[in-house]
>>> print(open('query-v6.cif').read())   # mmCIF, C-alpha atoms and all ligand atoms
data_work
#
loop_
_atom_site.label_atom_id
_atom_site.label_comp_id
_atom_site.auth_asym_id
_atom_site.auth_seq_id
_atom_site.Cartn_x
_atom_site.Cartn_y
_atom_site.Cartn_z
CA MET A 416 -62.41 10.04 -1.36
CA LYS A 417 -58.76 10.28 -2.46
CA ARG A 418 -56.84 13.48 -1.86
CA VAL A 419 -54.71 14.90 -4.67
CA VAL A 420 -52.32 17.60 -3.54
CA ILE A 421 -51.19 19.93 -6.32
CA ALA A 422 -47.94 21.60 -5.30
CA GLY A 423 -47.69 24.94 -7.12
CA GLY A 424 -50.33 27.23 -8.63
CA GLY A 425 -48.59 28.09 -11.91
CA TYR A 426 -49.63 27.11 -15.46
CA ALA A 427 -49.27 23.40 -14.67
CA GLY A 428 -50.92 23.48 -11.25
CA LEU A 429 -53.99 25.36 -12.46
CA ARG A 430 -54.50 23.06 -15.42
CA ALA A 431 -54.29 20.02 -13.10
CA VAL A 432 -56.87 21.49 -10.72
CA GLU A 433 -59.21 22.30 -13.65
CA ARG A 434 -59.14 18.66 -14.77
CA LEU A 435 -59.50 17.16 -11.26
CA ALA A 436 -62.12 19.47 -9.79
CA ASP A 437 -65.11 17.73 -11.42
CA SER A 438 -64.22 14.24 -10.23
CA GLU A 439 -66.52 13.19 -7.37
CA ASP A 440 -64.00 10.64 -6.06
CA LEU A 441 -61.20 13.15 -5.65
CA GLU A 442 -60.43 15.97 -3.28
CA PRO A 443 -57.95 18.32 -5.00
CA VAL A 444 -55.97 20.63 -2.69
CA LEU A 445 -53.84 23.38 -4.20
CA VAL A 446 -50.77 24.66 -2.32
CA ASP A 447 -48.71 27.70 -3.22
CA ALA A 448 -46.33 29.94 -1.32
CA ASN A 449 -47.99 32.94 -2.96
CA SER A 450 -51.62 34.00 -2.81
CA TYR A 451 -51.68 34.62 -6.57
CA HIS A 452 -51.13 32.90 -9.91
CA PHE A 453 -48.41 34.79 -11.77
CA MET A 454 -48.65 34.86 -15.59
CA GLN A 455 -44.97 34.97 -16.45
CA THR A 456 -45.63 34.77 -20.16
CA GLU A 457 -47.16 38.27 -20.04
CA VAL A 458 -44.55 39.87 -17.81
CA TYR A 459 -42.75 41.58 -20.70
CA GLY A 460 -45.78 43.86 -21.11
CA TYR A 461 -45.97 44.64 -17.42
CA ILE A 462 -42.31 45.60 -17.21
CA ALA A 463 -42.60 47.96 -20.18
CA GLY A 464 -45.87 49.43 -18.89
CA THR A 465 -48.27 48.08 -21.52
CA LYS A 466 -50.02 45.71 -19.10
CA GLU A 467 -51.47 46.32 -15.64
CA ILE A 468 -50.89 44.15 -12.59
CA ASP A 469 -54.41 42.63 -12.80
CA GLU A 470 -53.55 41.31 -16.28
CA ILE A 471 -50.63 39.25 -14.99
CA ALA A 472 -51.79 38.05 -11.56
CA ILE A 473 -54.97 36.33 -10.33
CA ASP A 474 -55.95 35.64 -6.72
CA LEU A 475 -55.67 31.88 -6.14
CA ASP A 476 -58.15 31.72 -3.27
CA LEU A 477 -60.86 33.38 -5.37
CA TRP A 478 -60.02 31.18 -8.34
CA CYS A 479 -60.34 28.03 -6.19
CA ARG A 480 -63.71 29.18 -4.85
CA GLY A 481 -64.97 29.62 -8.41
CA PHE A 482 -65.55 25.87 -8.99
CA GLU A 483 -68.95 24.23 -8.62
CA ARG A 484 -67.43 22.25 -5.74
CA PRO A 485 -64.92 24.79 -4.33
CA VAL A 486 -61.33 23.59 -4.24
CA ARG A 487 -59.30 24.00 -1.07
CA PHE A 488 -56.37 26.40 -1.37
CA VAL A 489 -53.52 26.37 1.15
CA LYS A 490 -51.18 29.35 1.07
CA ASP A 491 -47.93 28.03 2.49
CA SER A 492 -44.35 27.25 1.51
CA ILE A 493 -43.50 23.64 0.80
CA VAL A 494 -40.32 22.79 2.68
CA GLY A 495 -40.18 18.99 2.58
CA LEU A 496 -41.68 15.78 1.29
CA ASP A 497 -41.92 12.42 3.05
CA PRO A 498 -42.95 9.89 0.39
CA GLN A 499 -43.04 7.01 2.90
CA ARG A 500 -45.70 8.72 5.04
CA ARG A 501 -47.23 10.40 1.93
CA VAL A 502 -46.92 13.79 3.54
CA LEU A 503 -46.00 17.18 2.11
CA VAL A 504 -44.20 19.24 4.73
CA LEU A 505 -45.22 22.90 4.82
CA ALA A 506 -43.66 25.79 6.72
CA ASN A 507 -46.76 25.78 8.94
CA GLY A 508 -47.82 22.15 9.16
CA GLU A 509 -48.19 18.99 7.13
CA LEU A 510 -50.53 17.88 4.36
CA GLU A 511 -51.29 14.23 3.70
CA TYR A 512 -51.91 13.06 0.16
CA ASP A 513 -52.98 9.96 -1.76
CA TYR A 514 -51.60 11.46 -4.98
CA LEU A 515 -49.16 14.32 -5.37
CA ILE A 516 -48.54 16.47 -8.44
CA ILE A 517 -45.29 18.43 -8.15
CA ALA A 518 -45.76 21.60 -10.23
CA THR A 519 -43.49 24.03 -8.43
CA GLY A 520 -41.87 25.44 -11.58
CA ALA A 521 -38.47 27.10 -11.65
CA ARG A 522 -36.76 30.29 -10.53
CA THR A 523 -34.02 32.46 -11.99
CA LYS A 524 -30.57 31.01 -11.53
CA PHE A 525 -27.82 33.60 -11.22
CA PRO A 526 -24.52 31.85 -12.06
CA GLU A 527 -22.23 31.96 -9.02
CA SER A 528 -19.26 32.26 -11.39
CA ILE A 529 -20.30 35.80 -12.43
CA LYS A 530 -19.27 37.95 -9.48
CA GLY A 531 -21.75 40.70 -8.61
CA LEU A 532 -24.52 39.52 -10.98
CA ARG A 533 -27.02 38.33 -8.36
CA GLU A 534 -26.68 41.47 -6.22
CA ARG A 535 -26.84 43.90 -9.14
CA SER A 536 -29.51 42.52 -11.44
CA PHE A 537 -33.24 41.83 -11.52
CA GLY A 538 -34.79 38.48 -12.35
CA ILE A 539 -38.34 38.46 -13.75
CA LYS A 540 -39.71 35.08 -12.71
CA ARG A 541 -41.24 36.52 -9.56
CA LEU A 542 -43.91 39.18 -9.37
CA GLY A 543 -41.93 41.16 -6.77
CA ARG A 544 -38.85 41.30 -8.98
CA SER A 545 -40.87 42.30 -12.07
CA PHE A 546 -42.61 44.97 -10.01
CA GLY A 547 -39.21 46.41 -9.05
CA PHE A 548 -38.03 46.46 -12.63
CA HIS A 549 -41.31 47.93 -13.90
CA HIS A 550 -40.77 50.88 -11.54
CA LYS A 551 -37.10 51.27 -12.45
CA PHE A 552 -38.07 51.55 -16.11
CA GLU A 553 -40.80 54.10 -15.36
CA GLU A 554 -38.39 56.07 -13.19
CA VAL A 555 -35.90 56.40 -16.05
CA VAL A 556 -38.63 57.77 -18.31
CA LYS A 557 -40.00 60.11 -15.60
CA ARG A 558 -36.53 61.53 -14.91
CA ARG A 559 -36.11 62.23 -18.61
CA LEU A 560 -39.46 64.05 -18.65
CA GLU A 561 -38.20 66.13 -15.75
CA GLY A 562 -35.21 67.13 -17.83
CA GLU A 563 -32.45 64.67 -16.84
CA SER A 564 -30.01 63.98 -19.66
CA GLY A 565 -27.02 61.66 -20.23
CA ARG A 566 -26.77 58.09 -21.42
CA VAL A 567 -28.51 55.21 -19.61
CA ASN A 568 -27.98 51.65 -20.74
CA ILE A 569 -30.51 49.00 -19.80
CA ALA A 570 -28.78 45.64 -20.12
CA VAL A 571 -30.90 42.54 -20.72
CA VAL A 572 -28.68 39.54 -20.07
CA GLY A 573 -29.89 36.32 -21.69
CA ALA A 574 -31.31 36.34 -25.23
CA GLY A 575 -33.71 33.42 -24.87
CA LEU A 576 -37.48 33.81 -25.30
CA SER A 577 -38.02 35.93 -22.19
CA GLY A 578 -34.99 38.20 -22.75
CA VAL A 579 -35.97 38.87 -26.38
CA GLU A 580 -39.60 39.64 -25.45
CA VAL A 581 -38.63 42.02 -22.66
CA ALA A 582 -36.00 43.84 -24.75
CA ALA A 583 -38.39 44.19 -27.71
CA GLU A 584 -41.27 45.56 -25.62
CA MET A 585 -39.01 48.08 -23.90
CA GLY A 586 -37.53 49.10 -27.26
CA TYR A 587 -41.05 49.62 -28.59
CA MET A 588 -42.06 51.72 -25.60
CA LEU A 589 -38.97 53.91 -25.96
CA LYS A 590 -39.92 54.55 -29.59
CA ARG A 591 -43.35 55.67 -28.37
CA TYR A 592 -41.87 57.82 -25.62
CA LYS A 593 -39.83 59.63 -28.25
CA LYS A 594 -42.93 61.68 -28.98
CA VAL A 595 -42.81 63.21 -25.51
CA LEU A 596 -39.11 62.89 -24.71
CA GLY A 597 -37.74 63.91 -28.09
CA ALA A 598 -34.01 63.41 -28.44
CA ARG A 599 -33.68 62.58 -24.73
CA ALA A 600 -35.23 59.16 -25.54
CA ASP A 601 -32.24 58.41 -27.78
CA ASP A 602 -29.98 58.47 -24.73
CA ILE A 603 -31.79 55.46 -23.26
CA GLU A 604 -30.18 52.40 -24.77
CA ILE A 605 -31.19 48.76 -24.53
CA THR A 606 -28.56 46.08 -25.05
CA LEU A 607 -29.45 42.41 -25.29
CA ILE A 608 -26.49 40.25 -24.28
CA ASP A 609 -25.85 36.53 -24.67
CA ALA A 610 -22.86 34.23 -24.38
CA CYS A 611 -24.09 32.19 -27.39
CA ASP A 612 -23.33 33.31 -30.93
CA THR A 613 -27.02 33.96 -31.66
CA ILE A 614 -30.17 35.22 -29.99
CA LEU A 615 -32.86 32.58 -29.27
CA PRO A 616 -30.33 29.71 -29.28
CA GLY A 617 -31.81 26.41 -30.46
CA MET A 618 -34.93 27.99 -31.96
CA ASP A 619 -36.22 27.92 -35.53
CA PRO A 620 -33.99 30.02 -37.86
CA PHE A 621 -37.05 31.92 -39.11
CA LEU A 622 -37.90 33.04 -35.57
CA ILE A 623 -34.28 34.04 -34.95
CA GLY A 624 -34.18 36.12 -38.13
CA ALA A 625 -37.55 37.79 -37.53
CA ALA A 626 -36.63 38.65 -33.95
CA ALA A 627 -33.19 40.02 -34.90
CA ASP A 628 -34.72 42.25 -37.63
CA ARG A 629 -37.42 43.58 -35.34
CA LEU A 630 -35.00 44.27 -32.47
CA LYS A 631 -32.77 46.19 -34.85
CA LYS A 632 -35.75 48.29 -36.04
CA LEU A 633 -36.64 49.03 -32.43
CA GLY A 634 -33.11 50.23 -31.74
CA VAL A 635 -32.11 47.36 -29.43
CA SER A 636 -28.37 46.58 -29.67
CA LEU A 637 -27.37 42.93 -29.78
CA LYS A 638 -24.17 41.73 -28.13
CA VAL A 639 -23.73 38.00 -28.77
CA SER A 640 -20.75 35.70 -28.10
CA ALA A 641 -20.27 37.93 -25.08
CA LEU A 642 -19.23 36.09 -21.95
CA ILE A 643 -19.69 38.17 -18.79
CA GLU A 644 -16.91 37.84 -16.23
CA SER A 645 -18.22 40.10 -13.47
CA VAL A 646 -20.61 42.93 -12.72
CA GLU A 647 -19.33 46.03 -10.95
CA GLU A 648 -21.45 48.82 -9.50
CA SER A 649 -21.90 50.60 -12.82
CA ALA A 650 -20.19 48.41 -15.43
CA ILE A 651 -20.36 44.91 -16.87
CA LEU A 652 -16.94 43.38 -17.50
CA PHE A 653 -16.61 40.82 -20.30
CA GLU A 654 -14.10 38.00 -20.58
CA ASN A 655 -12.54 39.53 -23.72
CA GLY A 656 -11.71 42.70 -21.79
CA ASP A 657 -14.72 44.76 -23.00
CA ARG A 658 -16.46 46.99 -20.48
CA MET A 659 -20.05 48.26 -20.72
CA GLU A 660 -21.61 50.91 -18.47
CA TYR A 661 -25.17 50.15 -17.36
CA GLY A 662 -28.05 51.86 -15.57
CA PHE A 663 -29.60 48.58 -14.53
CA ILE A 664 -29.58 44.93 -15.52
CA ILE A 665 -32.33 42.42 -16.04
CA PHE A 666 -31.18 38.80 -15.97
CA THR A 667 -33.05 36.12 -17.91
CA GLY A 668 -30.05 33.87 -18.59
CA GLY A 669 -30.90 30.71 -16.67
CA ILE A 670 -33.31 28.84 -14.45
CA THR A 671 -33.21 26.19 -11.77
CA ALA A 672 -36.19 24.06 -10.75
CA ASN A 673 -37.94 24.61 -7.41
CA SER A 674 -37.32 21.04 -6.30
CA ASP A 675 -35.19 21.63 -3.19
CA PHE A 676 -37.92 20.24 -0.91
CA THR A 677 -37.83 16.78 -2.50
CA PRO A 678 -35.81 13.92 -0.95
CA GLU A 679 -32.25 13.26 -2.13
CA SER A 680 -33.38 9.89 -3.47
CA PHE A 681 -35.36 11.71 -6.21
CA GLU A 682 -33.11 11.95 -9.27
CA LYS A 683 -32.54 15.42 -10.80
CA ASN A 684 -30.73 16.86 -13.81
CA GLY A 685 -28.21 19.73 -13.76
CA MET A 686 -31.06 22.27 -13.72
CA GLY A 687 -32.58 20.65 -10.63
CA GLN A 688 -35.47 19.28 -12.71
CA LEU A 689 -36.90 16.01 -11.46
CA ILE A 690 -36.30 12.98 -13.66
CA VAL A 691 -39.59 11.28 -14.41
CA THR A 692 -40.70 8.02 -16.01
CA PRO A 693 -42.48 8.07 -19.41
CA PHE A 694 -45.67 8.28 -17.30
CA LEU A 695 -44.38 11.44 -15.57
CA ASN A 696 -44.03 9.63 -12.25
CA ILE A 697 -41.08 9.68 -9.91
CA ASP A 698 -39.47 6.27 -10.33
CA GLY A 699 -40.85 3.88 -7.70
CA HIS A 700 -43.65 6.28 -6.73
CA GLU A 701 -46.66 5.87 -8.98
CA GLU A 702 -48.62 8.21 -6.73
CA ILE A 703 -46.20 11.11 -7.34
CA TYR A 704 -46.14 13.05 -10.63
CA ALA A 705 -43.77 15.87 -11.57
CA VAL A 706 -44.86 18.25 -14.34
CA GLY A 707 -44.04 21.61 -15.93
CA ASP A 708 -40.73 23.40 -15.41
CA ALA A 709 -40.06 21.37 -12.23
CA ALA A 710 -39.53 18.20 -14.30
CA GLN A 711 -37.38 17.13 -17.21
CA ILE A 712 -40.08 16.43 -19.79
CA GLU A 713 -39.00 14.67 -22.95
CA ASP A 714 -40.42 14.35 -26.45
CA PRO A 715 -41.17 10.87 -27.87
CA HIS A 716 -37.52 10.64 -29.06
CA GLY A 717 -36.18 11.19 -25.55
CA ARG A 718 -35.05 14.79 -26.19
CA PRO A 719 -35.75 17.22 -23.33
CA LEU A 720 -38.46 19.75 -24.20
CA PRO A 721 -37.86 23.43 -23.41
CA PRO A 722 -39.54 24.70 -20.24
CA THR A 723 -42.67 26.43 -21.55
CA ALA A 724 -46.18 27.15 -20.32
CA GLN A 725 -47.45 25.03 -23.20
CA ILE A 726 -45.60 21.90 -22.03
CA ALA A 727 -46.44 22.71 -18.39
CA GLU A 728 -50.16 22.62 -19.21
CA LYS A 729 -49.96 19.51 -21.40
CA SER A 730 -47.97 17.54 -18.82
CA ALA A 731 -50.31 18.60 -16.00
CA GLU A 732 -53.35 17.60 -18.02
CA TYR A 733 -51.77 14.20 -18.61
CA ALA A 734 -51.01 13.71 -14.89
CA ALA A 735 -54.56 14.66 -13.88
CA LYS A 736 -56.07 12.29 -16.45
CA SER A 737 -53.74 9.50 -15.29
CA ILE A 738 -54.94 9.89 -11.72
CA ILE A 739 -58.60 9.75 -12.80
CA LYS A 740 -57.87 6.69 -14.96
CA SER A 741 -55.96 4.89 -12.20
CA LEU A 742 -59.03 5.20 -9.95
CA ARG A 743 -60.96 3.33 -12.65
CA GLY A 744 -58.20 0.73 -12.81
CA SER A 745 -57.01 1.70 -16.31
CA MET A 746 -53.59 2.93 -17.38
CA GLN A 747 -52.56 5.85 -19.58
CA LYS A 748 -50.19 5.49 -22.53
CA PRO A 749 -46.78 7.16 -21.97
CA PHE A 750 -46.77 10.96 -22.21
CA MET A 751 -46.24 12.17 -25.80
CA GLY A 752 -44.97 15.68 -25.33
CA ARG A 753 -44.39 18.03 -28.23
CA LEU A 754 -44.51 21.74 -28.88
CA ASP A 755 -47.31 22.74 -31.26
CA GLY A 756 -45.45 25.90 -32.10
CA MET A 757 -44.07 29.06 -30.72
CA PHE A 758 -45.11 32.71 -30.60
CA ILE A 759 -42.65 35.44 -29.75
CA ALA A 760 -43.94 38.90 -28.81
CA LEU A 761 -41.70 41.46 -30.46
CA GLY A 762 -42.89 44.81 -29.16
CA GLY A 763 -46.21 46.55 -29.76
CA ARG A 764 -48.57 44.80 -32.17
CA TYR A 765 -45.85 42.64 -33.69
CA ALA A 766 -44.91 39.01 -33.13
CA ALA A 767 -43.26 36.09 -34.88
CA ALA A 768 -44.87 32.66 -35.05
CA GLU A 769 -43.93 29.13 -35.98
CA ILE A 770 -47.03 27.00 -35.64
CA PHE A 771 -47.82 23.57 -37.13
CA GLY A 772 -45.05 24.20 -39.68
CA PHE A 773 -46.31 27.67 -40.72
CA ARG A 774 -43.96 30.59 -40.18
CA PHE A 775 -44.99 34.23 -40.24
CA SER A 776 -44.37 37.51 -38.48
CA GLY A 777 -46.10 40.86 -38.07
CA VAL A 778 -49.54 41.98 -36.95
CA ALA A 779 -51.28 38.67 -37.78
CA ALA A 780 -48.87 36.75 -35.55
CA TYR A 781 -49.45 39.33 -32.81
CA TYR A 782 -53.24 38.92 -32.94
CA MET A 783 -52.97 35.13 -32.90
CA LYS A 784 -50.72 35.26 -29.84
CA ARG A 785 -53.08 37.76 -28.23
CA MET A 786 -56.03 35.45 -28.86
CA VAL A 787 -54.26 32.48 -27.21
CA THR A 788 -53.39 34.65 -24.21
CA LEU A 789 -56.89 36.12 -23.96
CA ILE A 790 -58.54 32.70 -23.98
CA TYR A 791 -56.22 31.61 -21.14
CA PHE A 792 -56.72 34.83 -19.19
CA LEU A 793 -60.50 34.98 -19.61
CA GLY A 794 -60.82 31.36 -18.46
CA ILE A 795 -59.11 31.98 -15.15
CA ASP A 796 -60.51 35.49 -14.73
CA LEU A 797 -64.11 34.27 -15.11
CA ARG A 798 -63.51 31.59 -12.50
CA ALA A 799 -61.94 34.11 -10.12
CA ASN A 800 -64.97 36.38 -10.65
CA ALA A 801 -67.27 33.46 -9.82
CA GLY A 802 -65.12 32.88 -6.71
CA TYR A 803 -65.51 36.53 -5.79
CA ARG A 804 -69.29 36.17 -5.91
CA VAL A 805 -69.09 33.01 -3.76
CA ARG A 806 -66.91 34.75 -1.19
CA SER A 807 -69.24 37.75 -1.10
CA SER A 808 -72.13 35.37 -0.41
CA GLY A 809 -70.27 33.90 2.57
CA ARG A 810 -70.15 30.30 1.25
CA PRO A 811 -67.17 28.46 2.80
CA ALA A 812 -64.26 27.50 0.52
CA ASP A 813 -63.13 24.39 2.40
CA VAL A 814 -65.88 22.01 1.36
C1 LIG B 1 -40.75 36.63 -19.56
C2 LIG B 1 -41.18 35.22 -19.84
C3 LIG B 1 -41.83 34.94 -21.03
C4 LIG B 1 -42.25 33.64 -21.32
N1 LIG B 1 -42.94 33.43 -22.47
C5 LIG B 1 -43.44 32.21 -22.73
C6 LIG B 1 -44.23 31.98 -23.91
O1 LIG B 1 -44.45 32.89 -24.71
N2 LIG B 1 -44.72 30.72 -24.11
C7 LIG B 1 -44.51 29.71 -23.23
O2 LIG B 1 -45.03 28.60 -23.45
N3 LIG B 1 -43.76 29.87 -22.11
C8 LIG B 1 -43.21 31.10 -21.83
N4 LIG B 1 -42.46 31.30 -20.70
C9 LIG B 1 -42.16 30.15 -19.81
C10 LIG B 1 -43.34 29.84 -18.87
O3 LIG B 1 -43.71 30.99 -18.14
C11 LIG B 1 -42.97 28.71 -17.90
O4 LIG B 1 -42.53 27.61 -18.64
C12 LIG B 1 -44.19 28.33 -17.05
O5 LIG B 1 -44.46 29.37 -16.13
C13 LIG B 1 -43.99 27.02 -16.29
O6 LIG B 1 -45.15 26.72 -15.61
P1 LIG B 1 -45.12 25.87 -14.24
O7 LIG B 1 -46.53 25.72 -13.82
O8 LIG B 1 -44.28 24.68 -14.41
O9 LIG B 1 -44.34 26.81 -13.20
P2 LIG B 1 -44.69 28.27 -12.69
O10 LIG B 1 -45.60 28.97 -13.60
O11 LIG B 1 -43.35 28.89 -12.40
O12 LIG B 1 -45.46 28.02 -11.31
C14 LIG B 1 -44.85 27.43 -10.19
C15 LIG B 1 -45.66 27.78 -8.95
O13 LIG B 1 -45.12 27.04 -7.85
C16 LIG B 1 -45.03 27.88 -6.71
N5 LIG B 1 -43.94 27.37 -5.85
C17 LIG B 1 -42.66 27.18 -6.19
N6 LIG B 1 -41.95 26.69 -5.16
C18 LIG B 1 -42.81 26.56 -4.15
C19 LIG B 1 -42.69 26.10 -2.79
N7 LIG B 1 -41.55 25.63 -2.29
N8 LIG B 1 -43.79 26.14 -2.00
C20 LIG B 1 -44.99 26.58 -2.47
N9 LIG B 1 -45.16 27.02 -3.75
C21 LIG B 1 -44.09 27.00 -4.56
C22 LIG B 1 -44.76 29.27 -7.28
O14 LIG B 1 -45.17 30.28 -6.37
C23 LIG B 1 -45.59 29.25 -8.57
O15 LIG B 1 -46.89 29.75 -8.37
C24 LIG B 1 -42.00 32.59 -20.38
C25 LIG B 1 -41.33 32.87 -19.18
C26 LIG B 1 -40.92 34.15 -18.90
C27 LIG B 1 -40.21 34.43 -17.59
#
>>> encode(input="query-v6.cif", output="structure tokens")
Amino acid sequence: MKRVVIAGGGYAGLRAVERLADSEDLEPVLVDANSYHFMQTEVYGYIAGTKEIDEIAIDLDLWCRGFERPVRFVKDSIVGLDPQRRVLVLANGELEYDYLIIATGARTKFPESIKGLRERSFGIKRLGRSFGFHHKFEEVVKRRLEGESGRVNIAVVGAGLSGVEVAAEMGYMLKRYKKVLGARADDIEITLIDACDTILPGMDPFLIGAAADRLKKLGVSLKVSALIESVEESAILFENGDRMEYGFIIFTGGITANSDFTPESFEKNGMGQLIVTPFLNIDGHEEIYAVGDAAQIEDPHGRPLPPTAQIAEKSAEYAAKSIIKSLRGSMQKPFMGRLDGMFIALGGRYAAAEIFGFRFSGVAAYYMKRMVTLIYFLGIDLRANAGYRVRSSGRPADV
């Protein structure tokens, strides 16, 4: 029996476990520092109050118990990797592997050059951070209900996919709150800021246009070509001398891969993503794969693909299949990564989509996005429910 350690229980890690769990010759072991799988793609709804915590997080131990042959889950932080001994070093011990899939994703990167940004803003790539921001947003609304007046500016810094989705959902919620807050809702402003000259830099022009129109309708102000110099206690200072007062800041402007535990000999790009071969291996280590946001994944033309859940799942599926094939002595073709399309949630029942060359926005796009999300969520929720039944029956998980 060969042991496959899957490092990270995000979109990539879960997909890898799903594909490996049925193989009789393999013992998959999932490791994560957290006890839950965090659905970052849905966090915009949680922050704005349209989604509950159980719609964005699933217990990993229960999920692992939900397989026919329960999968072992280790809750621990990965702090090192010794490829010579084939050992993953954890904060509380070591874990040997025959194959390793690195799927540790990425975290928010606060640029050091912007003084005060890290201390004074919220990231949203961690549940704890999103939780904090969710409550901040609710607090603003509650205070208004209690009669507080005066302007509050919520600054969303970074107008990529996550920044746009968060700003749009908050804008939508403020429109709804208008019914109870009246004119006091108008004093809550949302400003989406980016250093580039457009929102959604690099994306399809249709998506950019649809998002800009919708944000405008929702009352979200756009501030592009705006380079932040520093963040003071109550104001953002821009390089061109502008100054903007803020109530609080959410930062979605950059990420860095969680690859610090890997040896220096493993090559990385400027975002800390591991450089992989066309077979998604670390060069010289056919037993180690790196997938999802933790790796620089390229399309067939050698262009890096954007870090998305879609690519995380596809790359993990490929790695899992490669491992199964290598046991049978056959080889996979190189990984052919490509995005099938993109959905952008734009507040309430509205989204924009670019899928297989079709472009559309509105309610239909929203329901399509919702369907994709529901299929994903129901899949892992059903398994976690099965795991709950197993745990209640007292069946051990480490088999
Ligand atoms: C607001 C928002 C909206 C988004 N919307 C979309 C969208 O609409 N479509 C889309 O495709 N993508 C979207 N994305 C991007 C998508 O969420 C990521 O690309 C995806 O999460 C990457 O999956 P992953 O498995 O590589 O990493 P992650 O999902 O980040 O999972 C990594 C896991 O590794 C664990 N881990 C990390 N370091 C360690 C360590 N040292 N020890 C132990 N465990 C560790 C973490 O706890 C985590 O569970 C969005 C992201 C955000 C923030």
>>> closest_residue(input="query-v6.cif", among="A:Val556, A:Ala724, A:Ala799, A:Val778", to="ligand LIG 1 (chain B)", atoms="all atoms listed in the file")
A:Ala724
>>> residues_near_ligand(input="query-v6.cif", ligand="ligand LIG 1 (chain B)", cutoff="6 Å", atoms="all atoms listed in the file", output="number ranges by chain")
A: 423-428, 447-449, 452, 455-456, 458-459, 491-494, 518-521, 539-540, 577, 673, 707-709, 722-725, 727, 758-759
>>> atom_distance(input="query-v6.cif", atom1="CA of Asp602 (chain A)", atom2="CA of Gly656 (chain A)")
24.3 Å
>>> atom_distance(input="query-v6.cif", atom1="CA of Phe552 (chain A)", atom2="CA of Ala600 (chain A)")
12.4 Å
>>> axis_aligned_box(input="query-v6.cif", around="region 473-483 of chain A", padding_each_side="4 Å", output="lines of an AutoDock Vina configuration file")
center_x = -62.0
center_y = 30.3
center_z = -6.8
size_x = 22.0
size_y = 20.1
size_z = 15.1
>>> closest_residue(input="query-v6.cif", among="A:Gly685, A:Gly752, A:Pro526, A:Gly573", to="His716 (chain A)", atoms="only C-alpha atoms")
A:Gly752
>>> closest_residue(input="query-v6.cif", among="A:Tyr514, A:Thr606, A:Leu503, A:Arg484", to="Val639 (chain A)", atoms="all atoms listed in the file")
A:Thr606
>>> closest_residue(input="query-v6.cif", among="A:Arg591, A:Arg544, A:Lys632, A:Arg418", to="Asp513 (chain A)", atoms="all atoms listed in the file")
A:Arg418
>>> residues_around(input="query-v6.cif", residues="Glu561 (chain A)", least_positions_apart="5", cutoff="12 Å", atoms="all atoms listed in the file", output="VMD selection string")
chain A and resid 554 to 556 595 to 596 599
>>> write_last_selection(input="query-v6.cif", atoms="C-alpha atoms", output="mmCIF file, in the coordinates of the input")
data_model
loop_
_atom_site.group_PDB
_atom_site.id
_atom_site.type_symbol
_atom_site.label_atom_id
_atom_site.label_comp_id
_atom_site.auth_asym_id
_atom_site.auth_seq_id
_atom_site.Cartn_x
_atom_site.Cartn_y
_atom_site.Cartn_z
ATOM 1 C CA GLU A 554 -38.390 56.070 -13.190
ATOM 2 C CA VAL A 555 -35.900 56.400 -16.050
ATOM 3 C CA VAL A 556 -38.630 57.770 -18.310
ATOM 4 C CA VAL A 595 -42.810 63.210 -25.510
ATOM 5 C CA LEU A 596 -39.110 62.890 -24.710
ATOM 6 C CA ARG A 599 -33.680 62.580 -24.730
#
>>> atom_distance(input="query-v6.cif", atom1="CA of Tyr704 (chain A)", atom2="CA of Glu511 (chain A)")
15.3 Å
>>> closest_residue(input="query-v6.cif", among="A:Arg718, A:Lys590, A:Arg798, A:Lys551", to="Ile569 (chain A)", atoms="all atoms listed in the file")
A:Lys551
>>> residues_near_point(input="query-v6.cif", point="(-33.5, 41.4, -14.3)", cutoff="12 Å", atoms="all atoms listed in the file", output="VMD selection string")
chain A and resid 458 to 459 462 523 to 525 532 to 549 551 to 552 569 to 573 577 to 578 581 to 582 607 662 to 669
>>> closest_residue(input="query-v6.cif", among="A:Leu642, A:Asp619, A:Asn684, A:Thr465", to="Glu769 (chain A)", atoms="all atoms listed in the file")
A:Asp619
>>> residues_around(input="query-v6.cif", residues="Ala780 (chain A)", least_positions_apart="2", cutoff="10 Å", atoms="only C-alpha atoms", output="number ranges by chain")
A: 758-761, 764-770, 774-778, 782-786
>>> write_last_selection(input="query-v6.cif", atoms="C-alpha atoms", output="short mmCIF file (atom, residue, chain, number, x, y, z; two decimals), in the frame of the given file")
data_model
loop_
_atom_site.label_atom_id
_atom_site.label_comp_id
_atom_site.auth_asym_id
_atom_site.auth_seq_id
_atom_site.Cartn_x
_atom_site.Cartn_y
_atom_site.Cartn_z
CA PHE A 758 -45.11 32.71 -30.60
CA ILE A 759 -42.65 35.44 -29.75
CA ALA A 760 -43.94 38.90 -28.81
CA LEU A 761 -41.70 41.46 -30.46
CA ARG A 764 -48.57 44.80 -32.17
CA TYR A 765 -45.85 42.64 -33.69
CA ALA A 766 -44.91 39.01 -33.13
CA ALA A 767 -43.26 36.09 -34.88
CA ALA A 768 -44.87 32.66 -35.05
CA GLU A 769 -43.93 29.13 -35.98
CA ILE A 770 -47.03 27.00 -35.64
CA ARG A 774 -43.96 30.59 -40.18
CA PHE A 775 -44.99 34.23 -40.24
CA SER A 776 -44.37 37.51 -38.48
CA GLY A 777 -46.10 40.86 -38.07
CA VAL A 778 -49.54 41.98 -36.95
CA TYR A 782 -53.24 38.92 -32.94
CA MET A 783 -52.97 35.13 -32.90
CA LYS A 784 -50.72 35.26 -29.84
CA ARG A 785 -53.08 37.76 -28.23
CA MET A 786 -56.03 35.45 -28.86
#
